[in-house]
Amino acid sequence: MPEAVVQTGAEAVPAVEPDRGASSAGQAFDPARGYRCSPSVALRPEPFGALVYHFGTRKLSFLKTPELVEVVTGLERHPDVHAAIEAAGVATAQRPAYLRALAGLAQAGTIEPRPPRNSEAEAQ
């Protein structure tokens with residue numbers, strides 16, 4: 001998965017360029033939905049962020065900041081992507097770059113839409 005750094009203001013923020021060959025079951029990334037780290041993925045914390053290994057594709061990639069790791073690991077605990085980004089303390093000006101990074105992670109299969117929880121399914 002090719003990665004880039006997006007410059008927003010004075011601070012560089014990680015972004016992930018989508019891998020045109022990979023897709024998360026063909027679904028478009030929707031930050032209004034709940035997501036989770038794929039069960040096929042392992043994260044190993046590092047001082048710079050984390051190493052990401054996908055057991056299905058056998059690809060190794062990187063999350064380049066601890067804040068992005070916090071967002072990715074927090075996805076499961078929040079109702080949608082926006083709430084996870086806010087809970088991680090990402091500055092408002094940096095949120096578009098984080099959304100682009102998460103869209104790339106979704107396209108690569110690192111994160112995936114979370115199945116509805118029982119309470120969410122009953123409410124529908």
# chains A, B, ... in the order shown; residues from 1 in each chain; ligands from 1

$ residues_around --residues "region 43-59 of chain A" --least-positions-apart "2" --cutoff "10 Å" --atoms "only C-alpha atoms" --output "NGL selection string"
:A and (1 or 22 or 37-41 or 61-70 or 72-73 or 108-110)

$ atom_distance --atom1 "CA of Pro96 (chain A)" --atom2 "CA of Val81 (chain A)"
11.7 Å

$ select_by_dssp --residues "region 11-113 of chain A" --states "alpha helix (DSSP H)" --output "PyMOL selection string"
chain A and resi 66-74+81-87+95-108

$ select_by_dssp --residues "region 43-118 of chain A" --states "strand (DSSP E)" --output "PyMOL selection string"
chain A and resi 43-46+49-54+59-63+111-113

$ residues_around --residues "Gly74 (chain A)" --least-positions-apart "4" --cutoff "8 Å" --atoms "only C-alpha atoms" --output "number ranges by chain"
A: 70, 78, 84, 88

$ residues_around --residues "region 112-114 of chain A" --least-positions-apart "3" --cutoff "6 Å" --atoms "only C-alpha atoms" --output "PyMOL selection string"
chain A and resi 34-36+38+106

$ atom_distance --atom1 "CA of Ala91 (chain A)" --atom2 "CA of Arg117 (chain A)"
29.0 Å

$ atom_distance --atom1 "CA of Ala97 (chain A)" --atom2 "CA of Pro116 (chain A)"
26.6 Å

$ residues_around --residues "Pro31 (chain A)" --least-positions-apart "2" --cutoff "8 Å" --atoms "only C-alpha atoms" --output "ChimeraX atom specification"
/A:29,33-34,80-82,99

$ write_last_selection --atoms "N, CA and C atoms" --output "mmCIF file, in the first residue's frame"
data_model
loop_
_atom_site.group_PDB
_atom_site.id
_atom_site.type_symbol
_atom_site.label_atom_id
_atom_site.label_comp_id
_atom_site.auth_asym_id
_atom_site.auth_seq_id
_atom_site.Cartn_x
_atom_site.Cartn_y
_atom_site.Cartn_z
ATOM 1 N N PHE A 29 -15.823 4.060 1.155
ATOM 2 C CA PHE A 29 -15.577 4.467 2.536
ATOM 3 C C PHE A 29 -16.615 5.506 2.937
ATOM 4 N N ARG A 33 -20.261 5.742 9.065
ATOM 5 C CA ARG A 33 -20.470 4.363 9.532
ATOM 6 C C ARG A 33 -19.473 3.999 10.607
ATOM 7 N N GLY A 34 -19.765 2.916 11.301
ATOM 8 C CA GLY A 34 -18.815 2.349 12.238
ATOM 9 C C GLY A 34 -17.837 1.447 11.505
ATOM 10 N N ASP A 80 -19.020 5.962 14.849
ATOM 11 C CA ASP A 80 -18.625 6.262 13.480
ATOM 12 C C ASP A 80 -17.190 6.771 13.464
ATOM 13 N N VAL A 81 -16.672 6.961 12.277
ATOM 14 C CA VAL A 81 -15.282 7.393 12.103
ATOM 15 C C VAL A 81 -15.068 8.784 12.689
ATOM 16 N N HIS A 82 -16.025 9.680 12.475
ATOM 17 C CA HIS A 82 -15.876 11.041 12.992
ATOM 18 C C HIS A 82 -15.703 11.036 14.508
ATOM 19 N N LEU A 99 -9.208 11.557 7.354
ATOM 20 C CA LEU A 99 -10.265 10.872 6.599
ATOM 21 C C LEU A 99 -9.706 10.262 5.319
#

$ decode --residues "region 27-102 of chain A" --atoms "C-alpha atoms" --output "CSV table (one decimal), in the first residue's frame"
chain,number,residue,atom,x,y,z
A,27,GLN,CA,-17.8,-0.7,-0.7
A,28,ALA,CA,-17.1,3.1,-0.7
A,29,PHE,CA,-15.6,4.5,2.5
A,30,ASP,CA,-18.3,6.2,4.6
A,31,PRO,CA,-17.0,8.0,7.7
A,32,ALA,CA,-20.6,8.2,9.0
A,33,ARG,CA,-20.5,4.4,9.5
A,34,GLY,CA,-18.8,2.3,12.2
A,35,TYR,CA,-15.5,0.7,11.3
A,36,ARG,CA,-13.1,-1.7,12.9
A,37,CYS,CA,-9.6,-3.0,12.3
A,38,SER,CA,-9.9,-6.1,10.1
A,39,PRO,CA,-9.5,-9.4,12.0
A,40,SER,CA,-6.9,-10.3,9.3
A,41,VAL,CA,-4.7,-7.4,10.5
A,42,ALA,CA,-2.2,-7.2,13.3
A,43,LEU,CA,-0.8,-3.9,14.6
A,44,ARG,CA,2.6,-3.7,16.3
A,45,PRO,CA,3.1,-0.4,18.1
A,46,GLU,CA,6.3,1.4,17.3
A,47,PRO,CA,7.7,4.8,18.5
A,48,PHE,CA,6.7,6.4,15.1
A,49,GLY,CA,3.2,4.8,15.1
A,50,ALA,CA,2.7,1.1,14.2
A,51,LEU,CA,3.6,-1.6,11.8
A,52,VAL,CA,0.5,-3.1,10.1
A,53,TYR,CA,0.6,-6.7,8.8
A,54,HIS,CA,-2.3,-8.1,6.7
A,55,PHE,CA,-2.3,-11.9,7.0
A,56,GLY,CA,-4.6,-12.2,3.9
A,57,THR,CA,-2.5,-10.2,1.5
A,58,ARG,CA,0.8,-10.7,3.4
A,59,LYS,CA,1.5,-6.9,3.0
A,60,LEU,CA,3.4,-4.9,5.5
A,61,SER,CA,2.6,-1.2,5.9
A,62,PHE,CA,2.9,1.6,8.4
A,63,LEU,CA,0.8,3.9,10.4
A,64,LYS,CA,3.1,6.9,10.6
A,65,THR,CA,1.9,8.7,13.7
A,66,PRO,CA,0.7,7.6,17.2
A,67,GLU,CA,-2.4,9.7,16.6
A,68,LEU,CA,-3.4,7.6,13.6
A,69,VAL,CA,-2.8,4.4,15.6
A,70,GLU,CA,-5.2,5.8,18.3
A,71,VAL,CA,-7.8,6.5,15.7
A,72,VAL,CA,-7.5,3.1,14.1
A,73,THR,CA,-7.6,1.2,17.4
A,74,GLY,CA,-10.4,3.4,18.6
A,75,LEU,CA,-12.7,2.7,15.7
A,76,GLU,CA,-14.4,-0.3,17.4
A,77,ARG,CA,-15.3,1.8,20.4
A,78,HIS,CA,-17.1,4.6,18.6
A,79,PRO,CA,-20.3,4.8,16.5
A,80,ASP,CA,-18.6,6.3,13.5
A,81,VAL,CA,-15.3,7.4,12.1
A,82,HIS,CA,-15.9,11.0,13.0
A,83,ALA,CA,-16.4,10.1,16.7
A,84,ALA,CA,-13.2,8.1,16.7
A,85,ILE,CA,-11.2,10.9,15.2
A,86,GLU,CA,-12.6,13.4,17.7
A,87,ALA,CA,-12.0,11.0,20.6
A,88,ALA,CA,-8.3,10.7,19.5
A,89,GLY,CA,-7.9,14.5,19.8
A,90,VAL,CA,-7.2,15.1,16.1
A,91,ALA,CA,-7.2,18.9,15.4
A,92,THR,CA,-10.1,20.1,13.3
A,93,ALA,CA,-7.7,21.3,10.6
A,94,GLN,CA,-6.1,17.8,10.3
A,95,ARG,CA,-9.3,15.8,10.1
A,96,PRO,CA,-9.6,15.9,6.3
A,97,ALA,CA,-6.1,14.3,6.0
A,98,TYR,CA,-7.1,11.6,8.5
A,99,LEU,CA,-10.3,10.9,6.6
A,100,ARG,CA,-8.2,10.4,3.4
A,101,ALA,CA,-5.8,8.1,5.3
A,102,LEU,CA,-8.6,6.1,6.7
